[in-house]
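Peer 1: Provided below: query-v5.txt, containing compact mmCIF, C-alpha atoms.
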```
# COMPACT_ATOMS: atom_id res chain seq x y z
CA MET A 1 95.08 140.36 85.33
CA SER A 2 95.71 136.74 84.56
CA LEU A 3 98.92 135.12 85.69
CA ARG A 4 98.70 132.47 82.98
CA SER A 5 100.82 132.68 79.86
CA PRO A 6 99.07 133.28 76.52
CA LEU A 7 100.04 129.78 75.40
CA ALA A 8 98.54 128.22 78.57
CA ILE A 9 95.31 130.12 77.99
CA VAL A 10 95.11 128.94 74.37
CA LEU A 11 95.81 125.31 75.32
CA GLY A 12 93.38 125.49 78.23
CA ARG A 13 95.63 123.39 80.45
CA GLY A 14 96.93 123.80 83.98
CA ALA A 15 100.44 123.53 85.35
CA ALA A 16 100.28 119.72 85.32
CA GLY A 17 99.74 119.77 81.56
CA GLU A 18 96.72 117.52 81.66
CA GLY A 19 93.97 119.99 82.40
CA ALA A 20 91.19 119.21 84.83
CA ALA A 21 90.49 115.64 83.70
CA HIS A 22 92.15 114.05 86.75
CA TRP A 23 90.35 116.38 89.14
CA TRP A 24 86.95 115.70 87.57
CA ALA A 25 87.44 111.93 87.36
CA GLN A 26 88.38 111.81 91.06
CA ARG A 27 85.20 113.68 92.06
CA ALA A 28 82.91 111.85 89.63
CA SER A 29 84.15 108.43 90.81
CA ALA A 30 83.74 109.58 94.43
CA LEU A 31 80.10 110.50 93.76
CA ALA A 32 79.46 107.17 92.02
CA LEU A 33 81.01 105.31 94.95
CA VAL A 34 78.63 106.84 97.50
CA PRO A 35 75.61 104.66 96.55
CA LEU A 36 77.71 101.73 95.28
CA THR A 37 79.76 101.23 98.47
CA LEU A 38 76.70 101.66 100.72
CA TRP A 39 74.81 99.07 98.64
CA PHE A 40 77.74 96.64 98.87
CA LEU A 41 78.22 97.01 102.64
CA LEU A 42 74.49 96.59 103.23
CA ALA A 43 74.52 93.43 101.11
CA LEU A 44 77.56 92.09 102.99
CA SER A 45 75.82 92.63 106.32
CA ARG A 46 72.95 90.40 105.19
CA LEU A 47 74.99 87.64 103.52
CA PRO A 48 76.05 84.45 105.31
CA LEU A 49 79.69 84.91 104.28
CA ASP A 50 80.81 81.37 105.13
CA ASP A 51 78.13 79.86 102.88
CA TYR A 52 79.70 79.43 99.42
CA ALA A 53 76.44 78.56 97.66
CA ALA A 54 74.55 81.52 99.15
CA VAL A 55 77.36 84.00 98.37
CA THR A 56 77.80 82.90 94.73
CA LEU A 57 74.02 82.80 94.24
CA TRP A 58 73.83 86.40 95.46
CA MET A 59 76.80 87.49 93.32
CA GLY A 60 75.26 86.09 90.15
CA SER A 61 71.59 86.87 90.60
CA GLY A 62 69.55 89.69 89.06
CA THR A 63 71.38 92.96 88.53
CA HIS A 64 74.01 92.19 91.20
CA PRO A 65 76.81 91.43 88.67
CA LEU A 66 76.13 94.81 87.04
CA TRP A 67 76.47 96.74 90.33
CA LEU A 68 79.48 94.69 91.36
CA ALA A 69 81.17 95.45 88.02
CA LEU A 70 80.41 99.16 88.39
CA LEU A 71 81.67 99.09 91.98
CA LEU A 72 84.94 97.45 90.90
CA VAL A 73 85.55 99.85 87.99
CA MET A 74 84.79 102.94 90.08
CA LEU A 75 86.92 101.68 93.00
CA CYS A 76 89.86 101.04 90.66
CA VAL A 77 89.51 104.42 88.93
CA HIS A 78 89.22 106.30 92.24
CA SER A 79 92.00 104.31 93.91
CA ARG A 80 94.37 104.73 90.97
CA LEU A 81 93.88 108.51 90.88
CA GLY A 82 94.26 108.79 94.66
CA VAL A 83 97.45 106.72 94.86
CA GLN A 84 98.75 108.67 91.84
CA VAL A 85 98.46 111.96 93.76
CA VAL A 86 100.31 110.46 96.73
CA ILE A 87 103.09 109.21 94.43
CA GLU A 88 103.34 112.60 92.70
CA ASP A 89 103.70 114.30 96.09
CA TYR A 90 106.06 111.93 97.89
CA VAL A 91 108.15 110.06 95.29
CA HIS A 92 110.96 112.30 94.04
CA GLY A 93 113.20 112.01 91.01
CA VAL A 94 111.99 111.45 87.46
CA ALA A 95 112.82 107.75 87.13
CA PRO A 96 111.41 106.55 90.52
CA LYS A 97 108.30 108.69 90.07
CA PHE A 98 107.70 107.46 86.53
CA THR A 99 108.23 103.84 87.56
CA ALA A 100 105.88 104.16 90.54
CA LEU A 101 103.18 105.79 88.40
CA LEU A 102 103.48 103.06 85.79
CA LEU A 103 103.28 100.32 88.44
CA ASN A 104 100.29 102.05 90.03
CA SER A 105 98.40 102.12 86.73
CA ALA A 106 99.32 98.54 85.91
CA ALA A 107 98.32 97.24 89.35
CA HIS A 108 94.92 98.94 89.22
CA LEU A 109 94.28 97.77 85.67
CA LEU A 110 95.11 94.23 86.79
CA LEU A 111 92.80 94.52 89.82
CA ALA A 112 89.94 95.77 87.64
CA ALA A 113 90.43 93.00 85.07
CA ALA A 114 90.71 90.25 87.70
CA GLY A 115 87.65 91.51 89.60
CA LEU A 116 85.51 91.83 86.47
CA TYR A 117 86.63 88.38 85.30
CA ALA A 118 85.62 86.88 88.66
CA VAL A 119 82.18 88.54 88.65
CA LEU A 120 81.64 87.44 85.04
CA ARG A 121 82.59 83.83 85.83
CA VAL A 122 80.13 83.64 88.72
CA ALA A 123 77.38 85.36 86.69
CA MET A 124 77.88 82.98 83.74
CA ARG A 125 77.65 79.98 86.05
CA GLY A 126 74.08 81.01 86.85
CA LEU A 127 73.20 81.09 83.17
CA ALA A 128 74.73 77.72 82.29
CA MET B 1 95.21 119.86 108.42
CA ALA B 2 95.50 116.64 110.38
CA LEU B 3 92.39 115.27 108.70
CA SER B 4 93.93 115.89 105.28
CA ILE B 5 96.80 113.45 105.92
CA LEU B 6 94.33 111.02 107.52
CA HIS B 7 92.30 111.14 104.31
CA ARG B 8 95.39 110.05 102.36
CA MET B 9 96.41 107.35 104.83
CA SER B 10 92.91 105.88 105.01
CA GLY B 11 92.75 106.01 101.21
CA LEU B 12 96.01 104.07 100.91
CA LEU B 13 94.73 101.48 103.38
CA LEU B 14 91.53 101.16 101.36
CA ALA B 15 93.60 100.59 98.19
CA LEU B 16 95.00 97.50 99.96
CA GLY B 17 91.42 96.57 100.87
CA LEU B 18 90.60 96.66 97.17
CA CYS B 19 93.19 93.89 96.67
CA ALA B 20 91.43 91.82 99.36
CA LEU B 21 88.04 92.44 97.72
CA VAL B 22 89.34 91.20 94.36
CA TYR B 23 90.93 88.17 96.06
CA TRP B 24 87.59 87.37 97.75
CA LEU B 25 85.64 87.69 94.46
CA SER B 26 88.24 85.59 92.61
CA SER B 27 88.07 82.87 95.25
CA ALA B 28 84.28 82.73 94.81
CA ALA B 29 84.75 82.41 91.05
CA THR B 30 87.39 79.68 91.41
CA GLY B 31 85.34 77.25 93.46
CA GLU B 32 84.17 76.06 96.85
CA ALA B 33 87.60 74.95 98.12
CA ALA B 34 89.25 78.26 97.19
CA TYR B 35 86.37 80.20 98.75
CA GLY B 36 86.69 78.11 101.91
CA ARG B 37 90.37 79.08 102.15
CA ALA B 38 89.50 82.78 101.71
CA ALA B 39 86.74 82.57 104.33
CA ALA B 40 89.10 80.80 106.77
CA LEU B 41 91.69 83.53 106.21
CA MET B 42 89.07 86.19 106.98
CA ARG B 43 88.30 84.51 110.29
CA GLY B 44 91.95 84.66 111.36
CA ASN B 45 92.96 87.22 113.98
CA TRP B 46 95.38 89.15 111.74
CA PHE B 47 92.90 89.44 108.92
CA ARG B 48 90.12 90.29 111.36
CA ALA B 49 92.19 93.25 112.59
CA LEU B 50 92.69 94.32 108.96
CA LEU B 51 88.95 94.12 108.31
CA PHE B 52 88.31 96.41 111.28
CA ALA B 53 91.00 98.82 110.04
CA TRP B 54 89.43 98.85 106.58
CA LEU B 55 85.96 99.45 108.00
CA ALA B 56 87.22 102.36 110.14
CA SER B 57 89.17 103.77 107.18
CA PHE B 58 86.10 103.50 104.97
CA CYS B 59 83.83 105.29 107.45
CA PHE B 60 86.28 108.17 107.81
CA HIS B 61 87.27 108.40 104.12
CA PHE B 62 83.60 108.29 103.03
CA LEU B 63 82.46 111.08 105.37
CA ASN B 64 85.57 113.24 104.93
CA GLY B 65 85.19 112.71 101.17
CA LEU B 66 81.68 114.18 101.36
CA ARG B 67 83.26 117.15 103.17
CA HIS B 68 85.77 117.54 100.34
CA LEU B 69 82.97 117.37 97.75
CA ALA B 70 81.11 120.12 99.63
CA TRP B 71 84.28 122.25 99.59
CA ASP B 72 84.66 121.67 95.85
CA ALA B 73 81.09 122.88 95.40
CA GLY B 74 82.03 126.03 97.32
CA TYR B 75 80.39 125.26 100.66
CA GLY B 76 81.91 125.34 104.14
CA LEU B 77 85.23 126.91 103.20
CA GLU B 78 85.25 129.45 106.07
CA ARG B 79 87.78 128.48 108.72
CA VAL B 80 85.17 128.13 111.50
CA HIS B 81 82.94 126.04 109.24
CA ALA B 82 85.84 123.82 108.15
CA ARG B 83 86.89 123.27 111.79
CA ARG B 84 83.32 122.44 112.80
CA SER B 85 82.69 120.05 109.89
CA GLY B 86 86.03 118.40 110.64
CA ARG B 87 85.00 117.65 114.21
CA LEU B 88 81.59 116.47 112.95
CA VAL B 89 83.27 114.08 110.49
CA VAL B 90 85.41 112.56 113.27
CA VAL B 91 82.41 112.05 115.57
CA LEU B 92 80.16 110.69 112.80
CA ALA B 93 82.91 108.39 111.47
CA LEU B 94 83.43 106.95 114.94
CA ALA B 95 79.68 106.38 115.38
CA ALA B 96 79.34 104.88 111.88
CA PHE B 97 82.31 102.58 112.53
CA LEU B 98 80.85 101.32 115.81
CA ILE B 99 77.42 100.70 114.29
CA ALA B 100 78.82 99.07 111.12
CA ALA B 101 81.22 96.90 113.14
CA TRP B 102 78.34 95.81 115.36
CA VAL B 103 76.09 95.00 112.38
CA LEU B 104 78.81 93.25 110.33
CA PHE B 105 80.78 91.41 112.99
CA TRP B 106 78.21 90.66 115.69
CA PRO B 107 78.12 86.86 116.07
CA ARG B 108 75.51 85.69 113.60
CA ALA B 109 75.23 82.86 111.12
CA GLY B 110 78.10 83.39 108.67
CA ALA B 111 79.52 86.59 110.15
CA PRO B 112 83.14 87.18 109.11
```
The structure given in the file should be rewritten as structure tokens.

Peer 2:
Amino acid sequence: MSLRSPLAIVLGRGAAGEGAAHWWAQRASALALVPLTLWFLLALSRLPLDDYAAVTLWMGSGTHPLWLALLLVMLCVHSRLGVQVVIEDYVHGVAPKFTALLLNSAAHLLLAAAGLYAVLRVAMRGLA
Amino acid sequence: MALSILHRMSGLLLALGLCALVYWLSSAATGEAAYGRAAALMRGNWFRALLFAWLASFCFHFLNGLRHLAWDAGYGLERVHARRSGRLVVVLALAAFLIAAWVLFWPRAGAP
């Protein structure tokens, strides 16, 4: 016997009203971040981090801007979903919760845009 | 149980680390002077402590995240298995943190 109402079964959505999209996105971004974060940490360990020319050359060369962009997008997606769950669990009351969720989304969108803009600027410098 | 709240706390710390990553990338895009300021900040004691905290958080969150993915795939859900994999994650995270900290922060040309 199913405990779900006929309407819920027809709509195919869970109690949160948004189906499994959040759950899947959190897992998919986690999987994507496994190789991306390892690649980034390995690269950091080899870079002379106080050498501006060497760092920007690395950031802009070959496929590095592509992987950096993917890393940033996946980090922001994963981080936004994770912080969202924490807000949903610990911030009570409709108005505070809604405000916190909105701020969370806005902050992560801003981080993604700023990060991508920075990577793009360094990559374009190499082409000029 | 305890690892579940640690997963959240390390995740929140890493969200702050994401801000630092974007600041670092932006400083590189802005120019040599801005990058120099970011690099000098990273060498400071307070920021150095944060970098270690982020590295430790990453090691734990990464490995415990793999454990969560295995659970989602239906593996290791038995209580004994979950307890055992939990202990394994703590030990491996500690080892990974020590090795990564040694590789990343050992005095070398341009180490943070």

Peer 1: Give me, as a PyMOL selection string, the contact residues of chain B against chain A at a cut-off of 9 Å, counting all atoms listed in the file.

Peer 2: chain B and resi 8+11-12+14-15+18-19+21-23+25-32+35-36+39-40+62+65-66+69+72+100+103-105+108-112

Peer 1: Mind pulling up the distance from atom CA of Leu92 of chain B to atom CA of Cys59 of chain B?

Peer 2: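 Taking atom CA of Cys59 of chain B as the start and atom CA of Leu92 of chain B as the end point, the length is 8.4 Å.
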
Peer 1: How many Å separate atom CA of Ala56 of chain B from atom CA of Trp102 of chain B?

Peer 2: 12.2 Å

Peer 1: Would you mind reading off the distance between atom CA of Ala96 of chain B and atom CA of Ser57 of chain B, one decimal, in Å?

Peer 2: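 Between these atoms lies a distance of 11.0 Å.
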
Peer 1: Contacts of Val77 of chain A at 8 Å or less, counting only C-alpha atoms, minus same-chain residues fewer than 4 places along, as a list in words?

Peer 2: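 The residues that qualify are Ala25, Gln26, Ser29, Val73, Leu81 and His108 of chain A.
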
Peer 1: Contacts of Ala38 of chain B at 7 Å or less, counting all atoms listed in the file, minus same-chain residues fewer than 4 places along, as a list in words?

Peer 2: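 So the residues in contact are Trp24, Ser27, Ala34 and Met42 of chain B.
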